[in-house]
Each structure stands twice: as C-alpha cells, then as structure tokens.
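Have a look at query_25.txt; it's compact mmCIF, C-alpha atoms and all ligand atoms:
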# COMPACT_ATOMS: atom_id res chain seq x y z
CA MET A 7 -58.70 7.71 49.39
CA ARG A 8 -55.07 7.07 50.21
CA ILE A 9 -55.73 3.37 50.48
CA PHE A 10 -57.35 3.25 47.04
CA ASP A 11 -54.40 5.12 45.55
CA LEU A 12 -52.13 2.51 47.07
CA ILE A 13 -54.30 -0.34 45.78
CA LYS A 14 -54.10 1.17 42.28
CA LYS A 15 -50.33 1.31 42.60
CA GLU A 16 -50.23 -2.30 43.76
CA GLU A 17 -52.38 -3.26 40.78
CA LYS A 18 -49.87 -1.61 38.45
CA ARG A 19 -46.95 -3.25 40.27
CA GLN A 20 -48.55 -6.66 39.83
CA ALA A 21 -49.26 -5.98 36.15
CA GLU A 22 -45.71 -4.88 35.37
CA THR A 23 -43.73 -7.47 37.30
CA LEU A 24 -43.20 -11.21 37.11
CA MET A 25 -44.90 -12.91 40.05
CA LEU A 26 -42.62 -15.89 40.62
CA ILE A 27 -43.32 -16.63 44.28
CA PRO A 28 -44.72 -20.19 44.10
CA SER A 29 -47.41 -19.58 46.72
CA GLU A 30 -48.85 -16.55 44.88
CA ASN A 31 -51.38 -16.50 42.07
CA TYR A 32 -54.14 -14.36 40.52
CA THR A 33 -57.85 -14.83 41.10
CA SER A 34 -60.78 -14.46 38.71
CA LYS A 35 -63.03 -11.42 38.75
CA ASP A 36 -65.86 -13.57 40.19
CA ILE A 37 -63.70 -14.56 43.13
CA ARG A 38 -62.74 -10.95 43.83
CA GLU A 39 -66.38 -9.85 43.58
CA ALA A 40 -67.43 -12.48 46.12
CA LEU A 41 -64.63 -11.34 48.43
CA GLY A 42 -65.76 -7.72 48.19
CA SER A 43 -69.47 -8.55 48.57
CA CYS A 44 -72.03 -7.88 51.31
CA LEU A 45 -71.15 -11.27 52.81
CA THR A 46 -68.44 -9.50 54.75
CA HIS A 47 -71.20 -7.84 56.83
CA LYS A 48 -72.52 -11.09 58.27
CA TYR A 49 -71.78 -13.11 61.41
CA SER A 50 -72.46 -16.84 61.27
CA GLU A 51 -70.84 -18.70 64.15
CA GLY A 52 -71.73 -22.37 63.88
CA TYR A 53 -72.33 -24.49 60.82
CA PRO A 54 -75.10 -24.64 58.18
CA GLY A 55 -78.43 -25.28 59.91
CA ARG A 56 -76.88 -24.75 63.38
CA ARG A 57 -76.01 -21.07 63.65
CA TYR A 58 -75.92 -18.97 66.80
CA TYR A 59 -77.22 -15.84 65.04
CA GLN A 60 -80.26 -15.32 62.83
CA GLY A 61 -80.21 -14.23 59.20
CA ASN A 62 -78.09 -17.03 57.78
CA LYS A 63 -80.55 -18.42 55.22
CA PHE A 64 -78.31 -17.65 52.24
CA VAL A 65 -75.01 -18.01 54.03
CA ASP A 66 -76.01 -21.58 54.92
CA LYS A 67 -76.57 -22.38 51.25
CA ILE A 68 -73.24 -20.83 50.25
CA GLU A 69 -71.31 -22.82 52.85
CA GLU A 70 -73.13 -26.03 51.91
CA ILE A 71 -72.19 -25.52 48.25
CA ALA A 72 -68.54 -24.87 49.18
CA ILE A 73 -68.46 -28.05 51.29
CA GLU A 74 -70.08 -30.17 48.57
CA ARG A 75 -67.71 -28.86 45.91
CA ALA A 76 -64.66 -29.58 48.08
CA LYS A 77 -65.89 -33.10 48.80
CA LYS A 78 -66.49 -33.76 45.10
CA LEU A 79 -63.26 -32.22 43.80
CA PHE A 80 -61.02 -34.07 46.24
CA SER A 81 -63.19 -37.23 46.64
CA VAL A 82 -63.51 -37.02 50.42
CA PRO A 83 -66.50 -37.65 52.71
CA HIS A 84 -66.00 -34.62 55.00
CA ALA A 85 -64.81 -31.05 54.42
CA ASN A 86 -64.58 -27.95 56.58
CA VAL A 87 -64.20 -24.66 54.69
CA GLN A 88 -64.12 -22.24 57.62
CA ALA A 89 -60.40 -22.07 58.49
CA TYR A 90 -59.09 -18.54 57.99
CA SER A 91 -55.73 -19.77 56.72
CA GLY A 92 -53.47 -22.79 56.42
CA SER A 93 -51.80 -22.11 59.76
CA SER A 94 -55.06 -22.01 61.68
CA ALA A 95 -56.23 -25.10 59.80
CA ASN A 96 -53.10 -27.02 60.83
CA ALA A 97 -53.54 -25.79 64.41
CA ALA A 98 -57.15 -27.03 64.42
CA ILE A 99 -56.08 -30.44 63.14
CA LEU A 100 -53.43 -30.88 65.83
CA PHE A 101 -55.74 -29.70 68.60
CA ALA A 102 -58.59 -31.88 67.29
CA LEU A 103 -56.64 -35.13 67.14
CA LEU A 104 -53.95 -34.80 69.80
CA ASN A 105 -53.39 -33.66 73.35
CA PRO A 106 -50.84 -30.97 74.17
CA GLY A 107 -47.48 -32.69 74.69
CA ASP A 108 -48.16 -35.46 72.15
CA LYS A 109 -45.45 -36.07 69.58
CA ILE A 110 -45.69 -34.95 65.97
CA MET A 111 -43.29 -35.45 63.09
CA GLY A 112 -42.94 -33.16 60.06
CA MET A 113 -40.28 -32.02 57.63
CA SER A 114 -37.95 -29.29 58.92
CA LEU A 115 -38.26 -25.76 57.58
CA SER A 116 -34.84 -25.78 55.92
CA SER A 117 -35.63 -29.10 54.24
CA GLY A 118 -38.77 -27.57 52.76
CA GLY A 119 -41.46 -28.11 55.42
CA HIS A 120 -43.66 -25.43 56.99
CA LEU A 121 -43.48 -23.57 60.30
CA THR A 122 -46.69 -25.30 61.41
CA HIS A 123 -45.18 -28.74 60.78
CA GLY A 124 -43.45 -28.73 64.16
CA HIS A 125 -40.87 -25.95 63.85
CA PRO A 126 -39.42 -25.84 67.35
CA LYS A 127 -39.72 -23.13 70.01
CA ILE A 128 -41.42 -20.31 68.10
CA THR A 129 -44.57 -21.94 66.68
CA PHE A 130 -47.65 -23.47 68.32
CA SER A 131 -46.74 -26.75 66.63
CA GLY A 132 -43.34 -26.85 68.30
CA LYS A 133 -44.42 -25.30 71.61
CA PHE A 134 -47.56 -27.22 72.50
CA PHE A 135 -46.46 -30.50 70.96
CA LYS A 136 -43.24 -32.49 71.15
CA SER A 137 -41.77 -32.25 67.71
CA VAL A 138 -39.32 -34.40 65.82
CA GLN A 139 -38.37 -33.40 62.32
CA TYR A 140 -37.14 -35.30 59.29
CA GLU A 141 -34.62 -33.81 56.89
CA VAL A 142 -33.97 -34.27 53.20
CA ASN A 143 -30.73 -36.03 52.18
CA GLU A 144 -27.60 -34.31 50.86
CA ASN A 145 -29.12 -34.14 47.36
CA GLY A 146 -32.29 -32.50 48.62
CA PHE A 147 -34.59 -35.56 48.35
CA ILE A 148 -36.77 -37.10 51.06
CA ASP A 149 -35.16 -40.37 52.14
CA TYR A 150 -38.19 -42.50 52.99
CA ASP A 151 -36.10 -45.16 54.74
CA LYS A 152 -34.75 -42.53 57.09
CA VAL A 153 -38.24 -41.15 57.69
CA TYR A 154 -39.36 -44.70 58.48
CA LYS A 155 -36.50 -45.26 60.93
CA LEU A 156 -37.14 -41.95 62.67
CA ALA A 157 -40.83 -42.78 62.99
CA LYS A 158 -40.04 -46.25 64.37
CA GLY A 159 -37.70 -44.76 66.95
CA GLU A 160 -39.80 -41.77 67.96
CA LYS A 161 -43.34 -43.18 67.56
CA PRO A 162 -45.08 -39.89 66.80
CA LYS A 163 -48.86 -39.73 67.09
CA LEU A 164 -49.15 -37.72 63.89
CA ILE A 165 -46.96 -37.49 60.80
CA ILE A 166 -47.16 -34.62 58.34
CA ALA A 167 -46.45 -35.10 54.65
CA GLY A 168 -46.34 -31.59 53.30
CA ILE A 169 -44.11 -29.02 51.69
CA THR A 170 -43.46 -25.37 51.06
CA ALA A 171 -40.05 -25.60 49.42
CA TYR A 172 -39.62 -29.07 47.97
CA SER A 173 -39.69 -29.49 44.23
CA ARG A 174 -40.28 -33.23 44.01
CA VAL A 175 -43.43 -35.33 44.02
CA LEU A 176 -44.48 -36.61 47.45
CA ASP A 177 -44.93 -40.37 47.76
CA PHE A 178 -48.09 -40.48 49.85
CA LYS A 179 -48.21 -44.29 49.73
CA LYS A 180 -44.81 -44.49 51.40
CA PHE A 181 -45.91 -41.97 54.01
CA GLU A 182 -49.00 -44.11 54.62
CA GLU A 183 -46.88 -47.21 55.19
CA ILE A 184 -44.68 -45.30 57.63
CA ALA A 185 -47.63 -43.80 59.54
CA ASP A 186 -49.48 -47.13 59.66
CA SER A 187 -46.39 -48.94 60.93
CA VAL A 188 -46.43 -46.81 64.10
CA GLY A 189 -50.19 -46.28 64.30
CA ALA A 190 -49.86 -42.53 63.63
CA TYR A 191 -52.35 -40.24 61.96
CA LEU A 192 -51.17 -39.13 58.53
CA LEU A 193 -51.85 -35.50 57.68
CA ALA A 194 -51.20 -34.49 54.06
CA ASP A 195 -50.65 -30.74 53.76
CA ILE A 196 -51.23 -30.20 50.05
CA SER A 197 -51.39 -26.39 50.20
CA HIS A 198 -48.78 -25.94 47.49
CA ILE A 199 -49.83 -28.76 45.20
CA ALA A 200 -53.65 -28.86 45.49
CA GLY A 201 -54.13 -27.42 41.99
CA LEU A 202 -51.67 -29.95 40.57
CA ILE A 203 -53.55 -32.79 42.26
CA VAL A 204 -56.87 -31.57 40.85
CA ALA A 205 -55.25 -31.33 37.42
CA GLY A 206 -53.95 -34.90 37.73
CA VAL A 207 -50.27 -33.97 37.52
CA HIS A 208 -49.46 -34.92 41.11
CA SER A 209 -50.71 -38.02 42.92
CA SER A 210 -53.52 -37.50 45.41
CA PRO A 211 -53.22 -38.33 49.13
CA THR A 212 -56.94 -39.08 49.46
CA ASP A 213 -56.51 -42.87 49.61
CA TYR A 214 -53.50 -42.76 51.93
CA ALA A 215 -53.88 -39.97 54.49
CA HIS A 216 -56.43 -39.69 57.30
CA ILE A 217 -56.68 -35.98 56.92
CA VAL A 218 -55.86 -33.54 54.12
CA MET A 219 -55.39 -29.81 54.47
CA THR A 220 -55.00 -27.30 51.70
CA THR A 221 -54.85 -23.57 51.44
CA THR A 222 -56.98 -22.28 48.60
CA HIS A 223 -54.89 -19.53 47.04
CA LYS A 224 -51.77 -21.17 45.64
CA THR A 225 -51.93 -23.54 42.67
CA LEU A 226 -55.67 -23.91 43.40
CA ARG A 227 -56.04 -20.23 42.36
CA GLY A 228 -58.73 -19.19 44.83
CA PRO A 229 -58.96 -16.61 47.61
CA ARG A 230 -56.87 -16.76 50.79
CA GLY A 231 -58.28 -19.49 53.01
CA ALA A 232 -58.06 -23.20 53.75
CA ILE A 233 -60.02 -26.44 53.61
CA ILE A 234 -59.65 -29.34 56.01
CA MET A 235 -60.76 -32.69 54.66
CA VAL A 236 -61.24 -36.01 56.40
CA THR A 237 -60.79 -39.01 54.11
CA SER A 238 -62.62 -42.35 54.21
CA LYS A 239 -59.47 -43.80 55.78
CA GLY A 240 -59.67 -41.09 58.45
CA LEU A 241 -63.32 -41.84 59.23
CA LYS A 242 -62.49 -45.53 59.40
CA LYS A 243 -59.84 -44.82 62.03
CA ASP A 244 -62.15 -42.51 63.96
CA SER A 245 -65.76 -42.06 62.91
CA GLU A 246 -65.89 -38.83 64.97
CA MET A 247 -62.93 -37.25 63.15
CA GLY A 248 -65.05 -34.89 61.06
CA LYS A 249 -66.94 -33.69 64.13
CA LYS A 250 -63.69 -33.24 66.03
CA ILE A 251 -62.26 -31.08 63.23
CA ASP A 252 -65.41 -28.96 63.04
CA ARG A 253 -65.40 -28.41 66.80
CA ALA A 254 -61.68 -27.56 66.80
CA ILE A 255 -62.28 -24.82 64.21
CA PHE A 256 -65.43 -23.49 65.90
CA PRO A 257 -65.63 -22.93 68.81
CA GLY A 258 -62.10 -24.26 69.44
CA LEU A 259 -59.99 -21.75 67.57
CA GLN A 260 -62.14 -19.37 65.58
CA GLY A 261 -65.28 -17.30 65.95
CA GLY A 262 -67.45 -16.30 63.01
CA PRO A 263 -66.33 -17.66 59.65
CA HIS A 264 -65.53 -15.20 56.87
CA ASP A 265 -68.54 -15.84 54.68
CA ASN A 266 -67.18 -13.76 51.80
CA GLN A 267 -64.09 -15.96 51.78
CA ILE A 268 -66.20 -19.13 51.84
CA ALA A 269 -68.25 -17.91 48.86
CA ALA A 270 -65.04 -17.14 46.99
CA ILE A 271 -63.68 -20.60 47.85
CA ALA A 272 -66.88 -22.15 46.43
CA ILE A 273 -66.32 -20.25 43.18
CA ALA A 274 -62.64 -21.27 43.05
CA LEU A 275 -63.61 -24.92 43.50
CA GLU A 276 -66.03 -24.68 40.61
CA GLU A 277 -63.35 -23.08 38.43
CA ALA A 278 -60.87 -25.79 39.40
CA GLY A 279 -63.38 -28.47 38.42
CA LYS A 280 -63.42 -27.28 34.81
CA LYS A 281 -61.58 -29.14 32.09
CA LYS A 282 -59.36 -26.18 31.26
CA PHE A 283 -58.02 -26.19 34.81
CA GLN A 284 -56.41 -29.54 34.00
CA THR A 285 -54.57 -27.93 31.11
CA TYR A 286 -53.56 -25.11 33.44
CA GLY A 287 -52.07 -27.56 35.96
CA LYS A 288 -50.12 -29.39 33.26
CA ARG A 289 -48.71 -26.11 31.98
CA ILE A 290 -47.61 -25.04 35.46
CA VAL A 291 -45.38 -28.13 35.69
CA GLU A 292 -44.15 -27.84 32.08
CA ASN A 293 -43.18 -24.25 32.77
CA ALA A 294 -41.43 -25.09 36.04
CA LYS A 295 -39.39 -27.77 34.27
CA ALA A 296 -38.51 -25.35 31.47
CA LEU A 297 -37.50 -22.70 34.01
CA ALA A 298 -35.38 -25.16 36.01
CA ASP A 299 -33.66 -26.46 32.84
CA SER A 300 -32.95 -22.99 31.50
CA LEU A 301 -31.55 -21.82 34.85
CA SER A 302 -29.39 -24.94 35.01
CA ASP A 303 -28.13 -24.25 31.49
CA LYS A 304 -27.14 -20.78 32.67
CA GLY A 305 -25.02 -22.34 35.42
CA PHE A 306 -27.37 -21.97 38.40
CA LYS A 307 -27.40 -24.78 40.96
CA VAL A 308 -30.95 -26.14 41.12
CA VAL A 309 -31.69 -28.07 44.34
CA THR A 310 -32.40 -31.76 43.47
CA GLY A 311 -31.26 -30.97 39.92
CA GLY A 312 -34.74 -30.06 38.68
CA THR A 313 -38.41 -30.08 39.54
CA GLU A 314 -41.53 -32.24 39.28
CA ASN A 315 -44.00 -29.67 40.55
CA HIS A 316 -44.53 -25.91 40.31
CA MET A 317 -41.39 -24.69 42.02
CA VAL A 318 -37.67 -24.34 41.58
CA LEU A 319 -35.23 -23.88 44.42
CA LEU A 320 -31.89 -22.26 43.61
CA ASP A 321 -28.86 -22.88 45.78
CA LEU A 322 -26.72 -19.75 45.72
CA SER A 323 -24.13 -20.92 48.22
CA GLY A 324 -20.73 -20.12 46.82
CA GLU A 325 -22.15 -17.20 44.81
CA LYS A 326 -21.19 -13.59 45.55
CA ILE A 327 -24.65 -12.74 46.81
CA LEU A 328 -27.01 -15.06 48.64
CA GLY A 329 -30.80 -15.35 48.78
CA LYS A 330 -32.05 -12.14 50.35
CA LEU A 331 -29.74 -9.76 48.48
CA PHE A 332 -30.37 -11.58 45.21
CA ALA A 333 -34.14 -11.40 45.74
CA VAL A 334 -33.86 -7.65 46.43
CA LYS A 335 -31.78 -7.18 43.29
CA LEU A 336 -34.24 -9.15 41.18
CA GLU A 337 -37.11 -7.06 42.54
CA LYS A 338 -35.39 -3.96 41.16
CA ALA A 339 -35.62 -5.62 37.75
CA GLY A 340 -39.32 -6.46 38.22
CA ILE A 341 -38.73 -10.13 39.02
CA ILE A 342 -40.43 -11.09 42.28
CA VAL A 343 -39.09 -14.17 44.06
CA ASN A 344 -38.51 -14.99 47.70
CA ALA A 345 -35.31 -15.74 49.52
CA ASN A 346 -35.51 -19.27 50.87
CA ALA A 347 -33.55 -21.70 52.97
CA ILE A 348 -31.90 -24.54 51.11
CA PRO A 349 -31.48 -28.00 52.66
CA HIS A 350 -29.00 -27.94 55.57
CA ASP A 351 -28.66 -24.18 55.17
CA PRO A 352 -26.00 -22.75 57.47
CA TYR A 353 -27.70 -19.31 57.33
CA PRO A 354 -30.90 -18.20 59.15
CA PRO A 355 -34.34 -18.04 57.46
CA PHE A 356 -34.27 -14.24 57.04
CA SER A 357 -31.01 -14.27 55.09
CA PRO A 358 -30.83 -17.78 53.68
CA SER A 359 -28.66 -19.23 50.92
CA GLY A 360 -31.30 -19.74 48.27
CA VAL A 361 -34.21 -18.31 46.34
CA ARG A 362 -37.50 -20.04 45.56
CA LEU A 363 -39.32 -19.51 42.27
CA GLY A 364 -42.63 -20.83 41.01
CA THR A 365 -44.73 -20.83 37.88
CA PRO A 366 -48.44 -20.77 38.97
CA ALA A 367 -48.90 -17.03 38.38
CA VAL A 368 -46.93 -16.65 35.14
CA THR A 369 -48.81 -19.69 33.81
CA SER A 370 -52.10 -17.96 34.68
CA ARG A 371 -50.83 -15.15 32.43
CA LYS A 372 -50.55 -17.76 29.66
CA MET A 373 -46.77 -17.68 29.46
CA GLY A 374 -45.13 -20.87 28.20
CA PRO A 375 -41.70 -22.56 27.99
CA ALA A 376 -40.33 -19.89 25.59
CA GLU A 377 -41.10 -17.20 28.16
CA MET A 378 -39.54 -19.34 30.93
CA LYS A 379 -36.33 -19.39 28.90
CA LYS A 380 -36.50 -15.61 28.64
CA ILE A 381 -37.08 -15.27 32.38
CA ALA A 382 -34.06 -17.48 33.11
CA GLU A 383 -32.01 -15.22 30.82
CA PHE A 384 -33.26 -12.14 32.74
CA ILE A 385 -32.28 -13.75 36.05
CA TYR A 386 -28.87 -14.65 34.67
CA GLN A 387 -28.28 -11.10 33.42
CA VAL A 388 -29.17 -9.59 36.81
CA SER A 389 -26.86 -12.05 38.53
CA SER A 390 -23.90 -11.69 36.20
CA ASP A 391 -24.02 -8.00 35.26
CA PRO A 392 -24.95 -5.50 37.98
CA GLY A 393 -25.37 -2.81 35.31
CA SER A 394 -28.16 -4.70 33.56
CA VAL A 395 -30.97 -4.11 36.07
CA SER A 396 -32.70 -1.19 34.33
CA LYS A 397 -32.41 -2.86 30.90
CA VAL A 398 -33.92 -6.08 32.28
CA LYS A 399 -36.66 -4.10 34.01
CA LYS A 400 -37.71 -2.64 30.64
CA GLU A 401 -37.70 -6.09 29.05
CA VAL A 402 -39.81 -7.45 31.92
CA GLN A 403 -42.30 -4.63 31.35
CA GLN A 404 -42.49 -5.48 27.64
CA LEU A 405 -43.05 -9.15 28.43
CA THR A 406 -45.72 -8.54 31.06
CA LYS A 407 -47.52 -6.18 28.68
CA LYS A 408 -47.71 -8.98 26.13
CA PHE A 409 -49.16 -11.33 28.77
CA PRO A 410 -51.66 -9.28 30.79
CA ILE A 411 -53.24 -10.60 33.97
CA PRO A 412 -56.48 -12.21 32.77
CA ASP A 413 -59.71 -11.38 34.60
CA ILE A 414 -61.57 -14.59 33.90
CA PHE A 415 -59.90 -17.95 33.53
N1 LIG B 501 -46.03 -18.65 53.11
C1 LIG B 501 -46.42 -19.79 52.33
C2 LIG B 501 -45.46 -20.07 51.26
O1 LIG B 501 -45.00 -19.11 50.67
O2 LIG B 501 -45.14 -21.21 50.96
C3 LIG B 501 -46.70 -20.98 53.15
O3 LIG B 501 -47.51 -20.65 54.21

Could you write out this file's structure as structure tokens?
Ligand code: DSN
Amino acid sequence: MRIFDLIKKEEKRQAETLMLIPSENYTSKDIREALGSCLTHKYSEGYPGRRYYQGNKFVDKIEEIAIERAKKLFSVPHANVQAYSGSSANAAILFALLNPGDKIMGMSLSSGGHLTHGHPKITFSGKFFKSVQYEVNENGFIDYDKVYKLAKGEKPKLIIAGITAYSRVLDFKKFEEIADSVGAYLLADISHIAGLIVAGVHSSPTDYAHIVMTTTHKTLRGPRGAIIMVTSKGLKKDSEMGKKIDRAIFPGLQGGPHDNQIAAIAIALEEAGKKKFQTYGKRIVENAKALADSLSDKGFKVVTGGTENHMVLLDLSGEKILGKLFAVKLEKAGIIVNANAIPHDPYPPFSPSGVRLGTPAVTSRKMGPAEMKKIAEFIYQVSSDPGSVSKVKKEVQQLTKKFPIPDIF
C-alpha cells in the first residue's frame, strides 16, 4: 500500500503545482487505462503476423492500428512504434543506418541538442560513433551557414536536426540541403515539437528528412514511448530502410515490446488527429509567446529574445542565483521548471546558468495568456523577494484549483 499512498501524494502534487517542464504533459484517462491494462501481461517479440510467441491475435491488431495511425498522422510510408523511449529509438536509428565509428553530426547539449545527438564520451552516440557537434551563435540561433561549412569539412554520414532546449522553429529544408550536399542521412528528432507539427504550427520534416523520430509524451500528449518513421525520401535513398529500422529495434536492441504502451500510443495518435488538437497546439505556442514576453517585461533575459515553439529558455547569468538554485526555489512555490544549460554555458549541466520552461501542460489545463502573465509575475516575485515564496505558493494553489487537470481532452 505504501506505493499507492505515494501515488496519491504525487497526484495531489501534480494537481497543486504548475507543470512548466516543456517535455512533460498530462494524458487522457483512456491512455492511462490502456497503460494499466492486461496488455502488460503479454510477450510479443517480433512484429504483427510474425511473432515468436503464441497468443498475439489482439496484440497484432493493436500494433497494426498504432502503425497505421502514425503513418497517417505524419504522412509517412513506414512507422515503428516499439521503441521504449526516444533514446533507444535514436540508438536503433544509428545502429540501423551506420557502422560503429562512422561520423554523425548533431547540435551540442548546451546549444539545445540532446545527449543522444552525439554528446561525447558518456553516451552511446558519442562513444560508438565519431561525433562532431554544431553550436548556436552568440544570440542563441542556429547559424545554417556554419552548419553547412562544418558538414562540408567533416562529411558526416548522418546529420541530426533536433532539439530539447531551442525555442526557435527548425528549418528542415535548410537541413535537407546541407545533408544532401554531403550525401548524409538526415534524421529529424521532433520529440519536442511533434504535437506542434500535427497542429500545423511548426513545419513538418516529412518532405525533407530520411527518417523522423518522435517521443510520444511531450507536446503529442501520449504515454512515454517513441515512434520511428521512414519517409518517402528515406525509402528512395534506401528501399530497405524500414526493414533495417525494424530489425535494429527487434532483435537488435530490444526484446518484447510493451504492448500496453503501444495501445496507449495508438489512442494518443487518434486524439492528436482530432480537430481540437489543432487548437491545442496553437494555444501552446500563444501561451509560450505570452510567457516569454511577460518574463522579458519583468526584466528576465530570454535566450533568442523570445520563442516560436512551446518553450522559453531563461539566461540567469549575472543573476544572484543560477539555474539549479532558482529551480529549487521555484519548486518551493509550486512552480516546477528544470535547470538548463544556456548556449555556451560556462557551468556544467547539473548546475547550469539557465532554466527551461514550457507551456504544453498548463495549456492542457486550459490556461491562456492571462494566466501566463500571472505565472511570470509569480516567477518574478520568487526571484526578487525571498520572503514571497509561501505567498506565491498559495496563489499557485488558487490558480491550479481554478484550472484542474482534465481527464479527457
Ligand atoms: N529529457 C527530455 C527533455 O526534457 O527534453 C529529453 O529526453
């Protein structure tokens, strides 16, 4: 029973606090029911119609539906829905298309890339592959000319266009030109922005990249998990690409897929295909812009001066307290953000100079620009007056009570 007591407490914590970590979101009741269903009892190594164990009549149908929905939603000819997470999906892609020692090129962690995009020494992507990394410029923007020059000089076999802490729209066409100019594969990691792409508020990489990977639990608002998609351009480059990806996931990297997760992904994809999801995506971006503007008005330094997606990166260098301590202080007031590196950060990732905020979860709670202004005011109060934490905490509780976590979207 101890675990259920703790889950209840976590439920209350989530209800009473502002979830502003851009990679977090709430799921519908249907998604949570699928996750907690009998599907967790089953083993199904293999793929629909080609399983190693018996008893997969219904699991096959579920996985087929998930695949079809992914293909339709993102307009791609091939999808794999078995990856346990974004990191294992990216590993599968690299192992499917490259040989150990081949060169990859992704954005550095402090510029806003991901660990699996070639972070040196401590990740599979930097250990098993030669990695070169591009950086954002002094204003925090990707400089596509520089990326082009680096690619020309280094000739990587695979280039990654993807972000975890970059608040500007990615120009997939430019990435395509760069990748094509050196004959590299282009992998678009859209984990953060998948929901925005579906909603039509961020351009889609489908026509430009060979391969697209997304996690399913961020702006897409599904369960934890990932989808790997091969585009028509990818199949044109290598007609076996889909098969290679499937084999890299199973038996290459994983055993039995988590069928409960796949069912929940199928439900999330159906929810994301609804008209009201488009409104949701638009509101996420409206809210992020409102939050960035209000924080700017309060004197905070916003990296790149604003945002075009769901996240806002604050540069606290020069402030009395930096990212980690500020995030801890905000948590005491019920405002949950994560400390984050800023471009060219002189400090290490565990105690970086910035904090990262995002609007997917508060938008799911139906908050709007007026509430974003309020949230910026709360953040300002915590930063400028150490004595205000308990007062802000009460105000956060009042606000979250007015905007409960909805069960069905
Ligand atoms: N940890 C995720 C994020 O917060 O962006 C990426 O894997």

Within 7 Å of range 138-150 of chain A using only C-alpha atoms, minus same-chain residues under 5 positions, as a list of chain:residue names: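 These residues fall inside the cut-off: A:Ile110, A:Met111, A:Gly112, A:Met113, A:Ser114, A:Ser117, A:Val309, A:Thr310, A:Pro349.
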
Expected selection as a list in words for ligand LIG 501 (chain B) within 8 Å, all atoms listed in the file: Ile27, Pro28, Ser29, Glu30, Gly92, Ser93, His120, Leu121, Ile169, Thr170, Ala171, Ser197 and His198 of chain A

Might you pull out every residue within 8 Å of Leu336 in chain A, with all atoms listed in the file counted and same-chain residues fewer than 5 positions away left off, and present them as a PDB file with C-alpha atoms, in the coordinates of the input?
ATOM      1  CA  ILE A 341     -38.730 -10.130  39.020  1.00  0.00           C
ATOM      2  CA  ILE A 342     -40.430 -11.090  42.280  1.00  0.00           C
ATOM      3  CA  VAL A 343     -39.090 -14.170  44.060  1.00  0.00           C
ATOM      4  CA  ILE A 385     -32.280 -13.750  36.050  1.00  0.00           C
ATOM      5  CA  VAL A 388     -29.170  -9.590  36.810  1.00  0.00           C
ATOM      6  CA  VAL A 395     -30.970  -4.110  36.070  1.00  0.00           C
TER       7      VAL A 395
END

Can you write out as JSON lines which residues of range 183-263 of chain A fall within 10 Å of range 62-78 of chain A, alongside each residue's closest atom pair and its distance in Å to one decimal, counting only C-alpha atoms and ordering rows by chain and ascending residue number?
{"residue": "A:Ile233", "atom": "CA", "partner": "A:Ala76", "partner_atom": "CA", "distance": 7.9}
{"residue": "A:Ile234", "atom": "CA", "partner": "A:Ala76", "partner_atom": "CA", "distance": 9.4}
{"residue": "A:Met235", "atom": "CA", "partner": "A:Lys77", "partner_atom": "CA", "distance": 7.8}
{"residue": "A:Val236", "atom": "CA", "partner": "A:Lys77", "partner_atom": "CA", "distance": 9.4}
{"residue": "A:Thr237", "atom": "CA", "partner": "A:Lys77", "partner_atom": "CA", "distance": 9.4}
{"residue": "A:Pro263", "atom": "CA", "partner": "A:Glu69", "partner_atom": "CA", "distance": 9.9}

Box in all listed atoms of range 206-215 of chain A, axis-aligned, with 5 Å more on each side; write out centre and edge lengths in Å to one decimal as lines of an AutoDock Vina configuration file.
center_x = -53.2
center_y = -38.4
center_z = 46.0
size_x = 17.5
size_y = 18.9
size_z = 27.0

Pairwise distance for CA of Ala190 in chain A and CA of Ser91 in chain A, rounded to one decimal in Å: 24.5 Å

Straight-line distance linking CA of Met317 in chain A with CA of Ala294 in chain A, stated in Å to one decimal: 6.0 Å

Minimum-distance residue to Ile411 in chain A, chosen among A:Thr369, A:Ser396, A:Thr222, A:Gln88 (using all atoms listed in the file): A:Thr369

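Residues in contact range of Tyr214 in chain A, defined as at most 6 Å between all atoms listed in the file, with sequence neighbours fewer than 2 positions away removed, read Lys179, Glu182, Pro211 and Thr212 of chain A.
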